[in-house]
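S.K.: What follows is a single structure, and I will ask about it in a moment.
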Amino acid sequence: MRILHVVLSRGFAGTERATAEMCNAHAAEHEVSLVIRRDHRGAGGASIRDHLDPRVTVREVHPWFPGFGLARAVRELQPEVIHTHLRKATRLVARMRPPWRRRPPCPTIATLHMWVNGRHFLQMDGLIVIAAWQKRDLAHYRGRIFDINESLIPQPRIAATRRAALRAECGASDTDFLIGGVGRLAHSKGFDVLIRAFREAGSPHAKLAIVGAGRERASLEKLIGDAPVKLLGFRDDAKDFYQAFDLFVSPSRSEPLGRVLFEALDAGTPVLATRTQGPTEILARLPGTLVPIDDVAAMAAALSAAQCAPRLRCAVDLTPWHLDNVARETLAAYEALRIARTQA
């Protein structure tokens with residue numbers, strides 16, 4: 001099958017990682033192409049392009065006029081399905097009206113990495129929902145809805161020496177209680193709340209480390225002051241850090257799903273999260289602790305309780321989210337849309 005993915009965001013966060021994983025998973029047996037913007041690198045130089053299998057064909061389009069490059073890619077690549085990610089890519093594909101057709105020349109499908117933040121999502125032939133709460137916005141949607149999990153590639157276990165080295169980078173010894181966070185340094189991710197809660201908890205044997213880059217770094221540094229907190233920036237080895245943490249915290253103000261929770265649980269690390277959309281749904285099925293959004297006192301109390309509890313790793317069956325299963329279900333969705341198009 002000729003598959004064309006489109007994502008027009010910058011940097012390499014959860015959506016870009018999921019897109020890259022799906023492209024790579026299908027590239028072994030299918031012709032996979034990806035359209036990205038020319039200025040695809042984000043804070044710290046991170047980009048989806050660095051994480052793609054060489055068999056994935058990449059087309060870069062002008063960031064100001066991406067529609068022209070996208071239309072050209074569709075003409076030349078002749079995809080049998082177009083899969084979009086996030087609002088801008090979905091809007092462009094939904095509005096695509098080649099002169100020889102009244103609609104895009106093949107089935108279109110979008111993954112709801114967040115929510116339905118535009119009518120263009122409702123114009124796609126199919127939608128992939130990664131969380132049940134997303135269906136609340138789809139009461140009047142006429143296309144096909146596919147319930148497919150977010151993908152996860154299980155991380156190999158790291159050696160004890162590697163774990164010790166990562167903890168040292170975080171400023172923690174083996175006897176310290178290391179609290180970790182992973183994500184963009186953006187207001188929506190709530191790392192300011194985590195830092196305030198950590199300072200309020202005030203344990204002399206706790207350390208905090210946050211992996212990620214973003215525009216909030218300067219303000220977070222001011223908030224840290226002299227507290228034992230490390231901002232480690234963007235790291236290609238971010239998934240190794242989960243195994244170095246004693247507790248993983250997702251303090252987001254808004255979190256549609258929460259891929260980081262699966263990555264932490266895959267590492268066997270206990271999870272603390274705010275009662276945002278995705279974590280509330282995930283932690284109803286998997287182990288973890290929830291606290292109210294933006295509640296510094298509640299988070300501080302949860303941090304203190306976690307430190308007092310025995311340091312146990314958790315074991316969770318995450319095979320429904322493993323990439324090979326998710327890739328197979330996604331391919332089946334493509335095929336269902338292709339068949340429906342030929343019968344229309």
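Naming scheme: A, B, ... for chains in displayed order of the structure tokens; residues 1 onward per chain; ligands 1 onward as shown.
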Using only C-alpha atoms, I'd like a table of the residues in region 102-137 of chain A that come within 12 Å of region 151-164 of chain A; for each, show the closest atom pair and its distance in Å rounded to one decimal, ordered by chain and ascending number, as a Markdown table.
M.R.:
| residue | atom | partner | partner_atom | distance |
| --- | --- | --- | --- | --- |
| A:Thr111 | CA | A:Ser151 | CA | 11.9 |
| A:His113 | CA | A:Ser151 | CA | 11.5 |
| A:Ile130 | CA | A:Ser151 | CA | 9.4 |
S.K.: Excluding Arg328 (chain A) and its own-chain neighbours fewer than 6 positions away, which residues fall within 10 Å of it when counting only C-alpha atoms? Please give them as a list in words.
M.R.: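 Using only C-alpha atoms, the neighbours found are Met22, Ala25, His26 and Ile148 of chain A.
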S.K.: Would you list the contacts of region 50-67 of chain A as a list in words, taking every protein, DNA or RNA residue within 7 Å and counting only C-alpha atoms, but skipping same-chain residues closer than 6 positions in sequence?
M.R.: Ala20, Cys23, Asn24, Ala27, Val32, Ser33, Leu34, Val35, Ile36, Arg37, Arg38, Asp39 and Leu92 of chain A
S.K.: Can you write out the residues you just picked, keeping C-alpha atoms, as an mmCIF file, in the first residue's frame?
M.R.:
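Just written: selection-v1.cif:
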data_model
loop_
_atom_site.group_PDB
_atom_site.id
_atom_site.type_symbol
_atom_site.label_atom_id
_atom_site.label_comp_id
_atom_site.auth_asym_id
_atom_site.auth_seq_id
_atom_site.Cartn_x
_atom_site.Cartn_y
_atom_site.Cartn_z
ATOM 1 C CA ALA A 20 7.526 8.411 13.292
ATOM 2 C CA CYS A 23 5.837 5.386 9.528
ATOM 3 C CA ASN A 24 8.734 3.134 10.509
ATOM 4 C CA ALA A 27 7.904 1.039 5.905
ATOM 5 C CA VAL A 32 5.509 5.099 3.180
ATOM 6 C CA SER A 33 5.988 8.834 2.662
ATOM 7 C CA LEU A 34 5.866 11.724 5.104
ATOM 8 C CA VAL A 35 5.226 15.416 4.402
ATOM 9 C CA ILE A 36 6.753 17.802 6.953
ATOM 10 C CA ARG A 37 7.455 21.522 7.017
ATOM 11 C CA ARG A 38 10.852 22.791 5.910
ATOM 12 C CA ASP A 39 11.578 24.371 9.309
ATOM 13 C CA LEU A 92 -5.038 21.264 4.430
#
S.K.: Have a look at CA of Ala186 (chain A) and CA of Asp294 (chain A) and let me know their distance in Å, one decimal.
M.R.: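 A separation of 14.2 Å between them.
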S.K.: Give me the residues within 7 Å of region 199-207 of chain A as an NGL selection string, counting only C-alpha atoms and dropping any in the same chain fewer than 4 places off.
M.R.: :A and (172 or 176-179 or 195 or 227-229 or 300-301 or 303-304)
S.K.: Which of these residues is nearest to Ala131 (chain A), using only C-alpha atoms: A:Ala284, A:Leu257, A:Val249, A:Ala340?
M.R.: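 With only C-alpha atoms as the atom set, the closest residue is A:Leu257.
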S.K.: Using only C-alpha atoms, which protein or nucleic acid residues come within 7 Å of Pro251 (chain A)? Drop anything in the same chain fewer than 3 positions from it, and give the result as a list in words.
M.R.: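 Here the qualifying residues turn out to be Lys189, Gly190, Phe191, Val193, Leu194, Ala273 and Thr274 of chain A.
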S.K.: Store the residues of this selection in a file with C-alpha atoms, as a compact mmCIF listing (two decimals), in the first residue's frame.
M.R.:
# COMPACT_ATOMS: atom_id res chain seq x y z
CA LYS A 189 2.51 20.83 30.99
CA GLY A 190 2.38 22.32 34.50
CA PHE A 191 6.02 21.90 35.47
CA VAL A 193 3.20 23.37 39.68
CA LEU A 194 5.52 20.38 40.10
CA ALA A 273 -0.58 12.56 37.47
CA THR A 274 -3.16 15.32 37.47
S.K.: Do you know which residues are at most 10 Å from Thr90 (chain A) counting only C-alpha atoms, after dropping those on the same chain fewer than 5 positions away, and could you put them as a list of chain:residue names?
M.R.: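 My list of contacting residues is A:Val6, A:Val7, A:Leu8, A:Ile82, A:His83, A:Thr84, A:His85, A:Arg95, A:Met96, A:Thr108, A:Ile109, A:Ala110, A:Thr111, A:Gly118, A:Arg119, A:His120, A:Phe121, A:Leu122, A:Gln123, A:Met124.
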S.K.: Just want the 6 Å neighbourhood of region 233-242 of chain A, counted on only C-alpha atoms, with same-chain residues fewer than 5 positions away dropped. Output as a list in words.
M.R.: Val211, Gly212, Ala213, Ala264 and Ala267 of chain A
S.K.: Determine which residues of region 208-324 of chain A receive a DSSP assignment of strand (DSSP E or B), computed from the backbone, and state them as a ChimeraX atom specification.
M.R.: /A:208-212,229-233,247-250,271-274,289-291,322
S.K.: Find the residue from A:Ala197, A:Val93, A:Ala13, A:Met1 that sits nearest to His40 (chain A); use only C-alpha atoms when measuring.
M.R.: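 Nearest to His40 (chain A): A:Ala13.
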